[in-house]
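Shown next: start-v7.pdb, given as PDB, C-alpha atoms.
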ATOM      1  CA  MET N   1      44.069 -20.574 -43.915
ATOM      2  CA  GLU N   2      42.765 -17.097 -43.023
ATOM      3  CA  LEU N   3      44.235 -14.166 -44.934
ATOM      4  CA  THR N   4      46.348 -11.699 -42.963
ATOM      5  CA  GLU N   5      46.533  -7.942 -43.429
ATOM      6  CA  ARG N   6      49.820  -8.392 -45.263
ATOM      7  CA  ASN N   7      48.127 -10.829 -47.655
ATOM      8  CA  GLY N   8      45.370  -8.286 -48.261
ATOM      9  CA  ILE N   9      47.970  -5.631 -49.136
ATOM     10  CA  SER N  10      49.612  -8.035 -51.574
ATOM     11  CA  ILE N  11      46.272  -8.681 -53.275
ATOM     12  CA  ALA N  12      45.679  -4.922 -53.530
ATOM     13  CA  GLN N  13      49.144  -4.417 -55.035
ATOM     14  CA  ILE N  14      48.449  -7.008 -57.727
ATOM     15  CA  ALA N  15      45.086  -5.394 -58.496
ATOM     16  CA  LEU N  16      46.680  -1.950 -58.799
ATOM     17  CA  PHE N  17      49.933  -2.753 -60.565
ATOM     18  CA  VAL N  18      48.537  -5.008 -63.284
ATOM     19  CA  PRO N  19      46.917  -1.998 -65.023
ATOM     20  CA  ALA N  20      49.906   0.159 -64.054
ATOM     21  CA  LEU N  21      52.177  -2.303 -65.845
ATOM     22  CA  GLY N  22      49.934  -2.176 -68.905
ATOM     23  CA  VAL N  23      50.128   1.623 -69.025
ATOM     24  CA  ALA N  24      53.903   1.531 -68.511
ATOM     25  CA  ILE N  25      54.337  -0.872 -71.428
ATOM     26  CA  PHE N  26      52.102   1.377 -73.544
ATOM     27  CA  LEU N  27      54.315   4.365 -72.686
ATOM     28  CA  CYS N  28      57.436   2.408 -73.595
ATOM     29  CA  ILE N  29      55.929   1.496 -76.956
ATOM     30  CA  ARG N  30      54.705   5.050 -77.528
ATOM     31  CA  HIS N  31      57.905   6.822 -76.525
ATOM     32  CA  GLY N  32      60.307   3.989 -77.364
ATOM     33  CA  PHE N  33      61.774   1.169 -75.291
ATOM     34  CA  GLY N  34      65.355   1.917 -76.226
ATOM     35  CA  ARG N  35      64.986   5.656 -76.578
ATOM     36  CA  ASN N  36      63.740   6.648 -73.133
ATOM     37  CA  GLY N  37      64.836   4.772 -70.001
ATOM     38  CA  GLY N  38      62.331   6.529 -67.721
ATOM     39  CA  TRP N  39      59.294   4.528 -68.800
ATOM     40  CA  LEU N  40      61.297   1.319 -68.793
ATOM     41  CA  PHE N  41      61.986   1.818 -65.087
ATOM     42  CA  VAL N  42      58.242   2.092 -64.454
ATOM     43  CA  VAL N  43      57.870  -1.304 -66.131
ATOM     44  CA  ILE N  44      60.649  -2.720 -63.946
ATOM     45  CA  PHE N  45      59.088  -1.266 -60.793
ATOM     46  CA  SER N  46      55.619  -2.606 -61.641
ATOM     47  CA  LEU N  47      57.048  -6.060 -62.301
ATOM     48  CA  ALA N  48      58.930  -5.946 -58.988
ATOM     49  CA  ARG N  49      55.727  -5.139 -57.135
ATOM     50  CA  LEU N  50      53.723  -7.855 -58.914
ATOM     51  CA  ILE N  51      56.370 -10.537 -58.402
ATOM     52  CA  GLY N  52      57.002  -9.494 -54.805
ATOM     53  CA  ALA N  53      53.295  -9.576 -53.961
ATOM     54  CA  SER N  54      52.942 -12.965 -55.642
ATOM     55  CA  LEU N  55      55.827 -14.370 -53.607
ATOM     56  CA  GLN N  56      54.258 -13.039 -50.431
ATOM     57  CA  LEU N  57      50.935 -14.712 -51.261
ATOM     58  CA  ALA N  58      52.782 -17.946 -52.052
ATOM     59  CA  THR N  59      53.812 -18.125 -48.387
ATOM     60  CA  ILE N  60      50.177 -18.992 -47.580
ATOM     61  CA  ALA N  61      50.639 -22.404 -49.174
ATOM     62  CA  ASP N  62      54.267 -22.802 -48.062
ATOM     63  CA  PRO N  63      54.771 -20.834 -44.829
ATOM     64  CA  THR N  64      58.138 -22.438 -44.018
ATOM     65  CA  ASN N  65      59.808 -21.475 -47.308
ATOM     66  CA  LEU N  66      62.285 -18.727 -46.390
ATOM     67  CA  SER N  67      63.126 -18.061 -50.035
ATOM     68  CA  LEU N  68      59.594 -16.779 -50.619
ATOM     69  CA  TYR N  69      59.779 -14.382 -47.674
ATOM     70  CA  PHE N  70      63.168 -12.950 -48.504
ATOM     71  CA  GLY N  71      62.504 -12.839 -52.228
ATOM     72  CA  SER N  72      59.443 -10.718 -51.530
ATOM     73  CA  LEU N  73      61.372  -8.619 -49.001
ATOM     74  CA  THR N  74      64.240  -7.952 -51.423
ATOM     75  CA  LEU N  75      61.893  -6.857 -54.193
ATOM     76  CA  GLN N  76      60.100  -4.632 -51.709
ATOM     77  CA  ASN N  77      63.332  -2.937 -50.652
ATOM     78  CA  ILE N  78      64.813  -2.322 -54.099
ATOM     79  CA  GLY N  79      61.619  -0.810 -55.521
ATOM     80  CA  LEU N  80      62.620   2.675 -54.409
ATOM     81  CA  SER N  81      65.495   2.970 -56.893
ATOM     82  CA  PRO N  82      63.417   2.529 -60.090
ATOM     83  CA  LEU N  83      61.056   5.291 -58.944
ATOM     84  CA  THR N  84      63.989   7.616 -58.289
ATOM     85  CA  LEU N  85      65.495   6.766 -61.684
ATOM     86  CA  THR N  86      62.156   7.464 -63.357
ATOM     87  CA  LEU N  87      61.940  10.950 -61.846
ATOM     88  CA  LEU N  88      65.566  11.600 -62.770
ATOM     89  CA  ALA N  89      64.760  10.680 -66.366
ATOM     90  CA  LEU N  90      61.772  13.037 -66.403
ATOM     91  CA  ILE N  91      63.707  15.977 -64.978
ATOM     92  CA  ASN N  92      66.498  15.221 -67.436
ATOM     93  CA  ARG N  93      64.019  15.542 -70.309
ATOM     94  CA  ALA N  94      62.833  18.870 -68.882
ATOM     95  CA  LEU N  95      66.466  20.008 -68.639
ATOM     96  CA  GLU N  96      67.016  19.139 -72.296
ATOM     97  CA  SER N  97      64.002  21.244 -73.225
ATOM     98  CA  VAL N  98      65.280  24.205 -71.189
ATOM     99  CA  SER N  99      68.741  23.860 -72.755
ATOM    100  CA  LYS N 100      67.293  24.386 -76.241
ATOM    101  CA  ALA N 101      66.340  27.974 -75.376
ATOM    102  CA  ARG N 102      69.297  28.944 -73.175
ATOM    103  CA  SER N 103      72.656  27.731 -72.030
ATOM    104  CA  ALA N 104      72.591  24.584 -69.919
ATOM    105  CA  VAL N 105      71.725  25.369 -66.299
ATOM    106  CA  ILE N 106      73.099  21.979 -65.215
ATOM    107  CA  ASN N 107      75.759  19.906 -66.885
ATOM    108  CA  PRO N 108      73.939  16.798 -68.239
ATOM    109  CA  ARG N 109      76.958  14.724 -67.217
ATOM    110  CA  ILE N 110      76.094  15.383 -63.569
ATOM    111  CA  LEU N 111      72.642  13.863 -64.006
ATOM    112  CA  ARG N 112      74.167  10.808 -65.675
ATOM    113  CA  TYR N 113      76.420  10.261 -62.685
ATOM    114  CA  VAL N 114      73.459  10.634 -60.303
ATOM    115  CA  GLN N 115      71.531   8.035 -62.295
ATOM    116  CA  VAL N 116      74.465   5.641 -62.171
ATOM    117  CA  LEU N 117      74.754   6.278 -58.426
ATOM    118  CA  VAL N 118      71.130   5.233 -57.868
ATOM    119  CA  LEU N 119      71.550   2.267 -60.202
ATOM    120  CA  VAL N 120      74.507   1.056 -58.121
ATOM    121  CA  GLY N 121      72.328   1.446 -55.021
ATOM    122  CA  LEU N 122      69.729  -0.783 -56.689
ATOM    123  CA  ILE N 123      72.329  -3.494 -57.312
ATOM    124  CA  LEU N 124      73.699  -3.283 -53.769
ATOM    125  CA  GLY N 125      70.188  -3.567 -52.361
ATOM    126  CA  ALA N 126      69.477  -6.697 -54.377
ATOM    127  CA  VAL N 127      72.733  -8.371 -53.369
ATOM    128  CA  GLY N 128      72.338  -7.294 -49.744
ATOM    129  CA  GLY N 129      68.818  -8.706 -49.533
ATOM    130  CA  SER N 130      70.033 -12.024 -50.861
ATOM    131  CA  ASN N 131      72.865 -12.091 -48.317
ATOM    132  CA  SER N 132      70.474 -11.326 -45.441
ATOM    133  CA  GLY N 133      68.261 -14.226 -46.482
ATOM    134  CA  SER N 134      71.220 -16.617 -46.624
ATOM    135  CA  ASP N 135      72.459 -15.508 -43.198
ATOM    136  CA  TYR N 136      68.995 -15.915 -41.656
ATOM    137  CA  ALA N 137      68.726 -19.450 -43.033
ATOM    138  CA  GLN N 138      71.994 -20.337 -41.277
ATOM    139  CA  THR N 139      71.690 -18.424 -37.991
ATOM    140  CA  GLY N 140      67.948 -17.838 -37.530
ATOM    141  CA  VAL N 141      68.677 -14.155 -36.817
ATOM    142  CA  TYR N 142      67.691 -11.419 -39.262
ATOM    143  CA  GLU N 143      70.288  -8.708 -39.762
ATOM    144  CA  VAL N 144      70.213  -6.046 -42.456
ATOM    145  CA  SER N 145      73.223  -6.468 -44.711
ATOM    146  CA  SER N 146      75.777  -3.679 -44.879
ATOM    147  CA  LEU N 147      75.333  -3.776 -48.657
ATOM    148  CA  THR N 148      71.641  -2.998 -48.224
ATOM    149  CA  GLN N 149      72.507  -0.090 -45.940
ATOM    150  CA  ALA N 150      75.010   1.194 -48.489
ATOM    151  CA  GLY N 151      72.423   0.864 -51.253
ATOM    152  CA  VAL N 152      69.856   2.887 -49.286
ATOM    153  CA  GLY N 153      72.541   5.470 -48.546
ATOM    154  CA  LEU N 154      73.247   5.886 -52.266
ATOM    155  CA  THR N 155      69.522   6.170 -52.963
ATOM    156  CA  ILE N 156      69.216   8.902 -50.319
ATOM    157  CA  ALA N 157      72.101  10.776 -51.927
ATOM    158  CA  GLY N 158      70.437  10.399 -55.314
ATOM    159  CA  PHE N 159      67.146  11.734 -53.909
ATOM    160  CA  VAL N 160      68.840  14.814 -52.442
ATOM    161  CA  LEU N 161      70.502  15.548 -55.782
ATOM    162  CA  LEU N 162      67.169  14.972 -57.526
ATOM    163  CA  VAL N 163      65.516  17.595 -55.300
ATOM    164  CA  LEU N 164      68.303  20.108 -55.979
ATOM    165  CA  THR N 165      68.076  19.461 -59.724
ATOM    166  CA  THR N 166      64.299  19.884 -59.688
ATOM    167  CA  VAL N 167      64.627  23.243 -57.906
ATOM    168  CA  ILE N 168      67.256  24.515 -60.349
ATOM    169  CA  VAL N 169      65.350  23.375 -63.431
ATOM    170  CA  GLY N 170      62.125  24.718 -61.935
ATOM    171  CA  LEU N 171      63.651  28.187 -61.661
ATOM    172  CA  HIS N 172      64.205  28.152 -65.440
ATOM    173  CA  VAL N 173      61.085  26.238 -66.459
ATOM    174  CA  SER N 174      59.784  29.278 -68.353
ATOM    175  CA  SER N 175      62.438  28.535 -70.991
ATOM    176  CA  ALA N 176      61.117  25.016 -71.579
ATOM    177  CA  GLU N 177      58.888  24.116 -74.493
ATOM    178  CA  PRO N 178      55.157  24.445 -73.708
ATOM    179  CA  GLY N 179      54.500  20.692 -73.685
ATOM    180  CA  GLU N 180      57.511  19.940 -71.499
ATOM    181  CA  LYS N 181      56.867  22.309 -68.592
ATOM    182  CA  ARG N 182      54.481  19.846 -66.988
ATOM    183  CA  LEU N 183      57.424  17.494 -66.367
ATOM    184  CA  VAL N 184      58.806  19.734 -63.637
ATOM    185  CA  LEU N 185      55.378  19.997 -62.034
ATOM    186  CA  ALA N 186      54.924  16.224 -62.120
ATOM    187  CA  VAL N 187      58.310  15.620 -60.487
ATOM    188  CA  ALA N 188      57.623  18.296 -57.868
ATOM    189  CA  LEU N 189      54.280  16.673 -57.021
ATOM    190  CA  ALA N 190      55.846  13.209 -56.762
ATOM    191  CA  LEU N 191      58.807  14.233 -54.589
ATOM    192  CA  PRO N 192      56.913  14.519 -51.242
ATOM    193  CA  PHE N 193      55.443  11.040 -51.656
ATOM    194  CA  LEU N 194      58.828   9.635 -52.673
ATOM    195  CA  PHE N 195      60.351  11.309 -49.603
ATOM    196  CA  VAL N 196      57.885   9.534 -47.278
ATOM    197  CA  ARG N 197      58.681   6.243 -49.015
ATOM    198  CA  LEU N 198      62.400   6.921 -48.647
ATOM    199  CA  LEU N 199      61.920   7.734 -44.968
ATOM    200  CA  TYR N 200      60.208   4.375 -44.452
ATOM    201  CA  ALA N 201      63.095   2.575 -46.192
ATOM    202  CA  ALA N 202      65.774   4.464 -44.273
ATOM    203  CA  ILE N 203      64.272   3.906 -40.811
ATOM    204  CA  GLY N 204      63.547   0.251 -41.546
ATOM    205  CA  THR N 205      67.082  -0.312 -42.865
ATOM    206  CA  TYR N 206      69.076   1.438 -40.149
ATOM    207  CA  ASN N 207      66.680   0.435 -37.320
ATOM    208  CA  PRO N 208      65.424  -2.989 -38.453
ATOM    209  CA  HIS N 209      63.558  -3.707 -35.202
ATOM    210  CA  SER N 210      61.282  -0.674 -35.462
ATOM    211  CA  ALA N 211      57.704  -0.432 -36.727
ATOM    212  CA  PHE N 212      59.178   0.512 -40.120
ATOM    213  CA  SER N 213      60.836  -2.867 -40.655
ATOM    214  CA  SER N 214      59.760  -4.509 -43.910
ATOM    215  CA  LEU N 215      59.965  -7.939 -42.290
ATOM    216  CA  THR N 216      58.542  -7.542 -38.793
ATOM    217  CA  GLY N 217      57.206  -3.983 -38.743
ATOM    218  CA  ASP N 218      53.668  -2.665 -38.405
ATOM    219  CA  VAL N 219      51.517  -3.531 -41.420
ATOM    220  CA  ASN N 220      49.573  -0.268 -41.187
ATOM    221  CA  VAL N 221      52.797   1.742 -41.213
ATOM    222  CA  PHE N 222      53.884  -0.225 -44.276
ATOM    223  CA  LEU N 223      50.589   0.535 -46.008
ATOM    224  CA  GLY N 224      50.505   4.217 -45.084
ATOM    225  CA  THR N 225      54.135   5.146 -45.719
ATOM    226  CA  ALA N 226      55.169   2.786 -48.522
ATOM    227  CA  VAL N 227      52.419   1.137 -50.568
ATOM    228  CA  ILE N 228      50.148   4.151 -51.013
ATOM    229  CA  GLU N 229      53.054   6.518 -51.706
ATOM    230  CA  GLU N 230      54.503   4.247 -54.368
ATOM    231  CA  PHE N 231      51.248   3.970 -56.250
ATOM    232  CA  ILE N 232      50.662   7.732 -56.136
ATOM    233  CA  VAL N 233      54.112   8.334 -57.645
ATOM    234  CA  VAL N 234      53.432   5.802 -60.408
ATOM    235  CA  LEU N 235      50.027   7.399 -61.037
ATOM    236  CA  ILE N 236      51.573  10.874 -61.386
ATOM    237  CA  VAL N 237      54.355   9.634 -63.673
ATOM    238  CA  GLU N 238      52.046   7.678 -65.952
ATOM    239  CA  ALA N 239      49.507  10.507 -66.085
ATOM    240  CA  VAL N 240      52.117  12.961 -67.341
ATOM    241  CA  GLY N 241      53.551  10.317 -69.676
ATOM    242  CA  VAL N 242      50.226   9.861 -71.438
ATOM    243  CA  THR N 243      49.952  13.606 -72.080
ATOM    244  CA  LEU N 244      53.523  14.126 -73.327
ATOM    245  CA  GLN N 245      54.222  14.494 -77.004
ATOM    246  CA  VAL N 246      56.367  11.853 -78.681
ATOM    247  CA  ARG N 247      59.729  13.395 -79.518
ATOM    248  CA  PRO N 248      61.345  12.873 -82.926
ATOM    249  CA  LYS N 249      63.500   9.781 -83.181
ATOM    250  CA  SER N 250      66.672  11.843 -83.674
ATOM    251  CA  GLU N 251      66.140  13.557 -80.319
ATOM    252  CA  THR N 252      65.149  10.446 -78.387
ATOM    253  CA  SER N 253      68.023   8.458 -79.868
ATOM    254  CA  SER N 254      70.527  10.995 -78.582
ATOM    255  CA  SER N 255      68.830  11.145 -75.177
ATOM    256  CA  SER N 256      69.005   7.357 -74.782
ATOM    257  CA  SER N 257      72.776   7.591 -74.488
ATOM    258  CA  ARG N 258      72.219   9.916 -71.525
ATOM    259  CA  SER N 259      70.040   7.475 -69.618
ATOM    260  CA  PRO N 260      71.840   5.366 -66.994
ATOM    261  CA  LEU N 261      71.495   2.141 -68.978
ATOM    262  CA  GLY N 262      72.457   3.802 -72.242
ATOM    263  CA  PHE N 263      75.397   5.501 -70.544
ATOM    264  CA  LEU N 264      76.746   2.215 -69.183
ATOM    265  CA  VAL N 265      76.169   0.338 -72.434
ATOM    266  CA  ASN N 266      77.984   2.992 -74.471
ATOM    267  CA  ARG N 267      80.910   2.997 -72.054
ATOM    268  CA  LEU N 268      81.206  -0.782 -72.332
ATOM    269  CA  LYS N 269      80.957  -0.629 -76.131
ATOM    270  CA  ARG N 270      83.778   1.923 -76.272
ATOM    271  CA  ARG N 271      85.814  -0.132 -73.818
ATOM    272  CA  PHE N 272      85.545  -3.345 -75.819
ATOM    273  CA  ASP N 273      85.302  -1.872 -79.316
ATOM    274  CA  GLY N 274      87.598  -3.843 -81.608
ATOM    275  CA  TYR N 275      88.355  -6.447 -78.959
ATOM    276  CA  GLU N 276      88.718 -10.036 -80.170
ATOM    277  CA  MET N 277      88.995 -13.239 -78.247
ATOM    278  CA  PRO N 278      92.565 -14.626 -78.478
ATOM    279  CA  ALA N 279      91.449 -17.797 -80.287
ATOM    280  CA  ALA N 280      89.484 -15.821 -82.860
ATOM    281  CA  ARG N 281      92.399 -13.419 -83.392
ATOM    282  CA  HIS N 282      94.824 -16.338 -83.852
ATOM    283  CA  GLN N 283      92.494 -17.967 -86.392
ATOM    284  CA  ARG N 284      92.110 -14.699 -88.287
ATOM    285  CA  ASP N 285      95.890 -14.101 -88.380
ATOM    286  CA  GLY N 286      96.450 -17.632 -89.686
ATOM    287  CA  TYR N 287      93.881 -17.155 -92.435
ATOM    288  CA  GLU N 288      95.500 -13.868 -93.473
ATOM    289  CA  ARG N 289      98.955 -15.511 -93.657
ATOM    290  CA  ARG N 290      97.642 -18.360 -95.828
ATOM    291  CA  THR N 291      95.872 -15.934 -98.114
ATOM    292  CA  ARG N 292      98.994 -13.793 -98.416
ATOM    293  CA  ASN N 293     101.213 -16.796 -99.184
ATOM    294  CA  GLN N 294      98.798 -18.028-101.830
ATOM    295  CA  GLY N 295      98.887 -14.601-103.430
ATOM    296  CA  TYR N 296     102.677 -14.618-103.549
ATOM    297  CA  GLU N 297     102.668 -18.120-105.093
ATOM    298  CA  MET N 298     100.208 -17.173-107.820
ATOM    299  CA  GLN N 299     102.188 -14.029-108.603
ATOM    300  CA  SER N 300     105.454 -15.989-108.882
ATOM    301  CA  ARG N 301     103.899 -18.566-111.233
ATOM    302  CA  SER N 302     102.517 -15.840-113.446
ATOM    303  CA  GLN N 303     106.095 -14.519-113.818
ATOM    304  CA  GLY N 304     107.454 -17.972-114.755
ATOM    305  CA  TYR N 305     109.048 -18.959-111.473
ATOM    306  CA  ASP N 306     108.733 -22.343-109.871
ATOM    307  CA  THR N 307     107.939 -21.730-106.221
ATOM    308  CA  SER N 308     108.491 -25.351-105.316
ATOM    309  CA  TYR N 309     112.202 -25.036-106.148
ATOM    310  CA  ASN N 310     114.451 -23.433-103.623
ATOM    311  CA  ALA N 311     117.981 -22.681-104.799
TER     312      ALA N 311
END
Translate the structure described by the file into C-alpha cells.
Amino acid sequence: MELTERNGISIAQIALFVPALGVAIFLCIRHGFGRNGGWLFVVIFSLARLIGASLQLATIADPTNLSLYFGSLTLQNIGLSPLTLTLLALINRALESVSKARSAVINPRILRYVQVLVLVGLILGAVGGSNSGSDYAQTGVYEVSSLTQAGVGLTIAGFVLLVLTTVIVGLHVSSAEPGEKRLVLAVALALPFLFVRLLYAAIGTYNPHSAFSSLTGDVNVFLGTAVIEEFIVVLIVEAVGVTLQVRPKSETSSSSSRSPLGFLVNRLKRRFDGYEMPAARHQRDGYERRTRNQGYEMQSRSQGYDTSYNA
C-alpha cells in the first residue's frame, strides 16, 4: 500500500520525537523526576506523539480499525496541555527566582490553580476523544464531544493566564538569579508557536468540518500549524533545560509540591491522612481490647486475685 502524506508526517514525528524523548528523560534524571514536573510533562508529550504516530501508521495494515484512528486522534488533541503545563512550570521556576530578591509579584497559589485548570482540560480532552470514537462507531457520524470542547476551552484559559504571567514576571526578570533569567526568554520565544498550535486546536474543535480538523482536515495545514510548532516548542524547552543549573534538593523538593501533580497528591494525602478501612480499624480495635484485657488479667494475678472467679 502506498504511503500517504499523513503517514509521512507520522514517520517524521517518530524520527524527531525519539531523540526528544531521550533528552526529556535525561532532563528528568538531571533535575529530578519527582522534584520538577515540567520535564516530566515533556516526557509525557513525547510519548503521546510517538504512540499517536505509531497508531496512525498501524492503520496501513488495518485500515478498518476505528480504534487506531481515534486513539491517534485523541493523543493528537490532548498533546497541547502537556506543552502548556511545561511552560507554566518553567515560568513558575523563574517566579521563584524573582521572589528570592523581592516580594512575590504573583501569588504562587494562582499558578498552581492555573496548572490544575490545564490538567483538568487534559483529562476532559482524553475522555471526550474516547466518547467521540464510541459515538462514531455506533452512528457513523463524527461529532466533537462537548467534553473535548470544554477541555480546549480550559486550555485556552490557561494559555491566556500563562501569557499574562510571563509578561508580569518578565517585567521583574532583572531580580532573577543570573542563570534563571533565560527561563523567561525561553517561554516568551515558545509562546507564539504555542499560540499557533492552540489556534489550530480551537478552530478544529469548534469547527470540525474545516481544514483545521484533525480527522478530515488539510494535511498541509496540520503540518504547518501543529506538527512544526510543537517540535519547535519542545526544542526551545529542552535547549534551555540542558543549560539550566541543577537546583539543590531542598529547593526542588519544596517546588515539587507546587507542581500540578505534586499539588494534587499533597491534597489527597492530607485528605486521607489517618484514614483506615473499616475492616482494618475493626481488627485493630479488637487486638487492642484483647491486649488490654490480658494486661488486666496479668496484673490481677500478680496481686493474688483469681480472675476466673466472679463473686
Show me, as a compact mmCIF listing (two decimals) with C-alpha atoms, in the frame of the given file, the residues that have an atom within 6 Å of N:Gly158 when counting all atoms listed in the file, minus same-chain residues fewer than 2 positions from it.
# COMPACT_ATOMS: atom_id res chain seq x y z
CA VAL N 114 73.46 10.63 -60.30
CA VAL N 118 71.13 5.23 -57.87
CA THR N 155 69.52 6.17 -52.96
CA ILE N 156 69.22 8.90 -50.32
CA VAL N 160 68.84 14.81 -52.44
CA LEU N 161 70.50 15.55 -55.78
>> On this structure, the PyMOL selection byres ((chain N and resi 195) around 10) would catch which residues? List them as number ranges by chain, sorted by chain and number.
In response: N: 156, 159-160, 163, 190-194, 196-201, 225, 229
> Applied to this file, what does the PyMOL selection byres ((chain N and resi 101-105) around 12) return in terms of residues, put as a PyMOL selection string?
Replying inline: chain N and resi 92+94-100+106-111+165-178
>> If we count all atoms listed in the file and set the cut-off at 12 Å, which residues sit around N:Asn77, ignoring sequence neighbours fewer than 3 positions away in its own chain? Please answer as a ChimeraX atom specification.
In response: /N:45,48-49,52,70-74,80-83,121-130,144,148-149,151-152,155,197-198,200-202,204-205,212-215,222,226-227,230
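Each of N:Ala15, N:Val187, N:Leu235, N:Ala211 was compared to N:Arg93 using all atoms listed in the file, and N:Val187 turns out to be the nearest.
Going from atom CA of N:Ala12 to atom CA of N:Ala53 covers 8.9 Å.
In this model, the gap between atom CA of N:Pro208 and atom CA of N:Ser145 comes to 10.6 Å.
Residues matched by the PyMOL selection byres ((chain N and resi 18) around 12) in this file: N:Ile11, N:Ala12, N:Gln13, N:Ile14, N:Ala15, N:Leu16, N:Phe17, N:Pro19, N:Ala20, N:Leu21, N:Gly22, N:Val23, N:Ala24, N:Ile25, N:Val43, N:Phe45, N:Ser46, N:Leu47, N:Ala48, N:Arg49, N:Leu50, N:Ile51, N:Ala53, N:Ser54, N:Phe231.
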